[in-house]
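Source file: target39.txt. Holds: compact mmCIF, C-alpha atoms.
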```txt
# COMPACT_ATOMS: atom_id res chain seq x y z
CA GLY C 2 145.86 -174.26 14.23
CA ARG C 3 147.15 -175.91 17.38
CA GLY C 4 150.53 -176.64 15.85
CA ASP C 5 151.01 -173.02 14.79
CA ALA C 6 150.16 -171.85 18.32
CA LEU C 7 152.72 -174.25 19.81
CA VAL C 8 155.42 -173.06 17.40
CA LEU C 9 154.62 -169.42 18.22
CA GLY C 10 154.78 -170.22 21.92
CA ALA C 11 158.15 -171.91 21.48
CA ALA C 12 159.47 -168.83 19.66
CA CYS C 13 158.30 -166.56 22.48
CA ILE C 14 159.89 -168.78 25.13
CA TYR C 15 163.18 -168.91 23.24
CA SER C 16 163.19 -165.12 22.86
CA TRP C 17 162.73 -164.82 26.61
CA HIS C 18 165.66 -167.20 27.06
CA VAL C 19 167.86 -164.96 24.89
CA LEU C 20 166.89 -161.90 26.95
CA ARG C 21 167.67 -163.68 30.23
CA LEU C 22 170.98 -164.92 28.86
CA SER C 23 172.10 -161.35 28.13
CA ASP C 24 171.60 -160.56 31.82
CA LEU C 25 173.30 -163.69 33.17
CA ALA C 26 176.12 -164.39 30.69
CA PRO C 27 178.37 -161.38 31.55
CA ALA C 28 178.72 -162.65 35.14
CA LEU C 29 179.62 -166.26 34.24
CA GLU C 30 182.34 -168.09 32.35
CA PRO C 31 181.02 -169.20 28.92
CA LEU C 32 182.19 -172.80 29.31
CA HIS C 33 180.72 -173.05 32.81
CA LEU C 34 177.40 -171.64 31.65
CA ALA C 35 177.32 -173.83 28.52
CA THR C 36 178.05 -176.96 30.55
CA ARG C 37 175.21 -176.24 32.96
CA LYS C 38 172.82 -175.44 30.12
CA ALA C 39 173.70 -178.67 28.29
CA ALA C 40 173.26 -180.73 31.48
CA CYS C 41 169.85 -179.14 32.08
CA GLU C 42 168.76 -179.82 28.49
CA LEU C 43 169.95 -183.44 28.77
CA ALA C 44 168.01 -183.95 32.00
CA LEU C 45 164.82 -182.38 30.63
CA GLY C 46 165.16 -184.33 27.38
CA GLY C 47 165.56 -187.58 29.29
CA LEU C 48 162.49 -186.84 31.37
CA GLY C 49 160.56 -186.02 28.22
CA ILE C 50 161.51 -189.35 26.62
CA VAL C 51 160.52 -191.28 29.75
CA ALA C 52 157.22 -189.41 29.87
CA MET C 53 156.44 -190.15 26.22
CA LEU C 54 157.20 -193.85 26.68
CA THR C 55 155.10 -194.18 29.83
CA VAL C 56 152.50 -191.52 30.60
CA LEU C 57 152.12 -189.67 27.28
CA HIS C 58 152.23 -192.75 25.06
CA ASP C 59 149.22 -191.63 22.97
CA LEU C 60 150.97 -188.57 21.52
CA PRO C 61 152.07 -188.74 17.86
CA ALA C 62 155.65 -188.02 18.95
CA SER C 63 155.46 -190.98 21.36
CA ARG C 64 154.41 -193.32 18.56
CA GLN C 65 157.23 -192.02 16.36
CA LEU C 66 159.71 -192.57 19.20
CA ARG C 67 158.62 -196.17 19.67
CA GLU C 68 158.86 -196.76 15.92
CA PHE C 69 162.35 -195.27 15.90
CA TRP C 70 163.56 -197.59 18.68
CA ALA C 71 161.99 -200.59 17.00
CA GLU C 72 163.70 -199.75 13.71
CA ALA C 73 167.02 -198.98 15.43
CA LEU C 74 167.14 -202.51 16.83
CA THR C 75 167.07 -203.92 13.30
CA LEU C 76 169.92 -201.79 11.90
CA ASP C 77 173.15 -203.41 10.80
CA SER C 78 176.59 -202.31 12.03
CA ASN C 79 177.17 -199.82 9.19
CA ALA C 80 173.84 -198.12 9.76
CA LEU C 81 174.47 -198.02 13.52
CA ALA C 82 177.88 -196.45 12.94
CA MET C 83 176.33 -193.80 10.70
CA LEU C 84 173.63 -193.14 13.30
CA ALA C 85 176.25 -192.81 16.05
CA GLY C 86 178.30 -190.42 13.92
CA SER C 87 175.27 -188.29 13.15
CA ALA C 88 174.29 -188.20 16.83
CA SER C 89 177.85 -187.26 17.83
CA TRP C 90 177.95 -184.43 15.30
CA ALA C 91 174.54 -183.15 16.38
CA GLY C 92 175.52 -183.27 20.05
CA ALA C 93 179.01 -181.81 19.79
CA VAL C 94 178.59 -179.22 17.02
CA THR C 95 174.96 -178.25 16.50
CA CYS C 96 174.20 -178.36 20.24
CA GLY C 97 177.38 -178.18 22.35
CA TYR C 98 179.30 -175.65 20.25
CA THR C 99 176.31 -173.41 19.62
CA ILE C 100 175.45 -173.32 23.35
CA TRP C 101 179.01 -172.24 24.14
CA ALA C 102 179.16 -169.73 21.26
CA GLN C 103 175.88 -168.14 22.32
CA SER C 104 177.06 -167.88 25.93
CA TYR C 105 180.37 -166.37 24.81
CA GLY C 106 178.82 -163.87 22.42
CA GLN C 107 176.04 -162.65 24.69
CA GLY C 108 178.47 -162.43 27.58
CA GLY C 109 180.52 -159.92 25.58
CA THR C 110 179.39 -157.48 22.92
CA VAL C 111 176.34 -159.14 21.31
CA SER C 112 173.05 -157.74 22.57
CA ALA C 113 169.88 -159.78 22.91
CA THR C 114 168.36 -157.95 19.93
CA ASN C 115 171.29 -158.70 17.63
CA ALA C 116 171.43 -162.29 18.87
CA ASN C 117 167.79 -162.84 17.93
CA LEU C 118 168.43 -161.26 14.54
CA ILE C 119 171.29 -163.68 13.95
CA TYR C 120 169.08 -166.65 14.88
CA THR C 121 166.41 -165.42 12.49
CA SER C 122 168.79 -166.21 9.62
CA GLN C 123 168.67 -169.94 10.44
CA PRO C 124 166.08 -170.81 7.73
CA LEU C 125 168.30 -169.17 5.12
CA TRP C 126 171.30 -171.28 6.13
CA SER C 127 169.11 -174.39 6.22
CA ALA C 128 168.02 -173.70 2.64
CA VAL C 129 171.63 -173.19 1.54
CA PHE C 130 172.81 -176.46 3.10
CA ALA C 131 169.78 -178.32 1.76
CA PHE C 132 170.65 -177.13 -1.73
CA CYS C 133 174.37 -177.90 -1.44
CA LEU C 134 174.13 -181.26 0.34
CA LEU C 135 170.74 -182.67 -0.70
CA GLY C 136 170.08 -180.94 -4.01
CA GLU C 137 166.80 -179.47 -2.79
CA THR C 138 165.46 -176.39 -4.53
CA LEU C 139 163.17 -173.61 -3.37
CA GLY C 140 159.74 -172.96 -4.78
CA ALA C 141 158.32 -169.51 -5.39
CA ARG C 142 156.75 -169.28 -1.93
CA GLU C 143 159.92 -170.42 -0.16
CA ALA C 144 162.04 -167.99 -2.16
CA ALA C 145 159.66 -165.13 -1.32
CA GLY C 146 159.80 -166.03 2.37
CA GLY C 147 163.59 -166.17 2.30
CA ALA C 148 163.77 -162.79 0.58
CA ALA C 149 161.43 -161.32 3.22
CA ILE C 150 163.65 -162.67 6.03
CA ALA C 151 166.81 -161.34 4.38
CA THR C 152 165.21 -157.92 3.85
CA ALA C 153 164.01 -157.72 7.45
CA LEU C 154 167.48 -158.66 8.71
CA LEU C 155 169.12 -156.02 6.52
CA ILE C 156 166.74 -153.30 7.70
CA ALA C 157 167.13 -154.24 11.36
CA ALA C 158 170.92 -154.61 11.19
CA THR C 159 171.44 -151.23 9.51
CA SER C 160 168.99 -149.24 11.63
CA PRO C 161 170.57 -146.92 14.24
CA SER C 162 168.70 -148.57 17.11
CA SER C 163 170.34 -151.94 16.46
CA ALA C 164 173.89 -150.61 16.37
CA PRO C 165 175.89 -150.90 19.60
CA GLY C 166 175.98 -147.53 21.32
CA ASP C 167 176.72 -145.76 24.57
CA SER C 168 173.73 -147.28 26.36
CA ALA C 169 174.91 -150.83 25.69
CA SER C 170 178.44 -150.00 26.79
CA ARG C 171 177.19 -148.30 29.94
CA SER C 172 174.88 -151.22 30.74
CA GLY C 173 177.73 -153.72 30.45
CA ALA C 174 179.99 -151.52 32.56
CA GLU C 175 177.35 -151.13 35.26
CA ARG C 176 176.92 -154.91 35.43
CA HIS C 177 180.69 -155.31 35.71
CA CYS C 178 181.03 -152.75 38.49
CA GLY C 179 177.97 -154.05 40.27
CA MET C 180 179.54 -157.51 40.39
CA GLU C 181 182.75 -156.11 41.86
CA ALA C 182 180.90 -154.05 44.43
CA SER C 183 178.67 -156.92 45.55
CA SER C 184 181.56 -159.41 45.81
CA GLY C 185 183.82 -157.02 47.70
CA ILE C 186 186.65 -157.38 45.20
CA ASP C 187 187.49 -153.71 45.24
CA ASP C 188 186.65 -151.31 48.05
CA ASP C 189 187.94 -148.33 46.12
CA GLY C 190 185.01 -148.05 43.76
CA CYS C 191 186.40 -150.18 40.93
CA SER C 192 189.85 -148.65 41.06
CA GLY C 193 192.75 -150.86 39.98
CA THR C 194 192.70 -153.05 36.88
CA VAL C 195 189.43 -153.88 35.18
CA ALA C 196 188.48 -155.36 31.84
CA ASP C 197 187.12 -153.08 29.16
CA THR C 198 183.60 -153.51 27.83
CA SER C 199 184.73 -155.63 24.90
CA GLY C 200 186.25 -158.19 27.25
CA LEU C 201 189.41 -158.35 25.13
CA LEU C 202 191.75 -155.92 26.85
CA SER C 203 192.71 -155.15 30.42
CA ARG C 204 193.97 -151.82 31.61
CA PRO C 205 194.06 -149.63 34.73
CA SER C 206 190.83 -147.75 35.36
CA LYS C 207 190.49 -144.29 36.75
CA GLY C 208 190.49 -144.56 40.55
CA HIS C 209 187.73 -142.88 42.49
CA GLY C 210 189.15 -143.22 45.99
CA PRO C 211 187.34 -144.64 48.98
CA HIS C 212 184.11 -142.91 48.01
CA GLY C 213 184.02 -144.26 44.42
CA SER C 214 180.78 -145.68 43.14
CA ALA C 215 179.67 -148.24 40.59
CA ALA C 216 177.97 -145.46 38.64
CA ALA C 217 181.23 -143.50 38.41
CA CYS C 218 183.11 -146.61 37.34
CA ALA C 219 180.44 -147.33 34.72
CA SER C 220 180.87 -143.79 33.43
CA ASP C 221 184.60 -144.39 32.98
CA HIS C 222 183.91 -147.63 31.10
CA ALA C 223 181.45 -145.92 28.78
CA ASP C 224 183.90 -143.03 28.17
CA ASP C 225 186.73 -145.44 27.35
CA ALA C 226 184.61 -147.63 25.03
```
How does this structure look as structure tokens?
Amino acid sequence: GRGDALVLGAACIYSWHVLRLSDLAPALEPLHLATRKAACELALGGLGIVAMLTVLHDLPASRQLREFWAEALTLDSNALAMLAGSASWAGAVTCGYTIWAQSYGQGGTVSATNANLIYTSQPLWSAVFAFCLLGETLGAREAAGGAAIATALLIAATSPSSAPGDSASRSGAERHCGMEASSGIDDDGCSGTVADTSGLLSRPSKGHGPHGSAAACASDHADDA
């Protein structure tokens, strides 16, 4: 149906976002990137709310939004405090922290493929928390779907193609050396002190002299990884 098509489209768009993030995150500070992403989401969300309350007021989501505001105005102080606490938790932890964590992980050693695999486990964690906090139980169909997700994750995580290898290390090293070459930080072809591909250590690299190249520097990074 239409709803299924929209959900599928959202999944495709988010997967594209994960791929783009793997290209951009290594060149940016995680906190800087997360702050800009959160500001963009806040701006787009605000525009969406304004649009639903004015232009798109016939949508089901617009009616639900108006009903929410009408009900919020009738809440007592205790209910408002609980609502504010829930909103703060959702903003700081489920949104703010996860944006930063994703930027940090994909800027280091987590590939786009592994990142998407990790996000695929979200329904499993939702089911666990629903059981622990709300006492909800899974039916036969839900349990079968969860088992299928867990099996797919296990197969993908243990396959040789999903394990980090030389190509991933070389790709990260080439991005690192390309940034240095384009910014003019080092005219000696990445000689001096550079960070290793894990982003955790710093050590002198093998100098290549005035004729060094980003490709040679990337080769050293891949050999040292």
Atomic distance atom CA of C:Val111 - atom CA of C:Ala153, expressed in Å with one decimal: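 Pair atom CA of C:Val111 / atom CA of C:Ala153 returns 18.6 Å.
Of the residues listed (C:Ala44, C:Leu29, C:Val8, C:Ala144), C:Leu29 shows the shortest atom-to-atom separation from C:Ser104; distances use all atoms listed in the file.
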Applying 9 Å and all atoms listed in the file, which residues near stretch 137-141 of chain C remain after dropping the ones on its own chain fewer than 6 positions away? List them as a list in words.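 Using all atoms listed in the file, the neighbours found are Ala128, Phe130 and Ala131 of chain C.
Among the candidates C:Phe69, C:Val19, C:Leu125, C:Ala158, the residue lying nearest to C:Ala145 is C:Leu125 (atoms considered: only C-alpha atoms).
The spacing separating atom CA of C:Gly86 from atom CA of C:Phe132 amounts to 21.9 Å.
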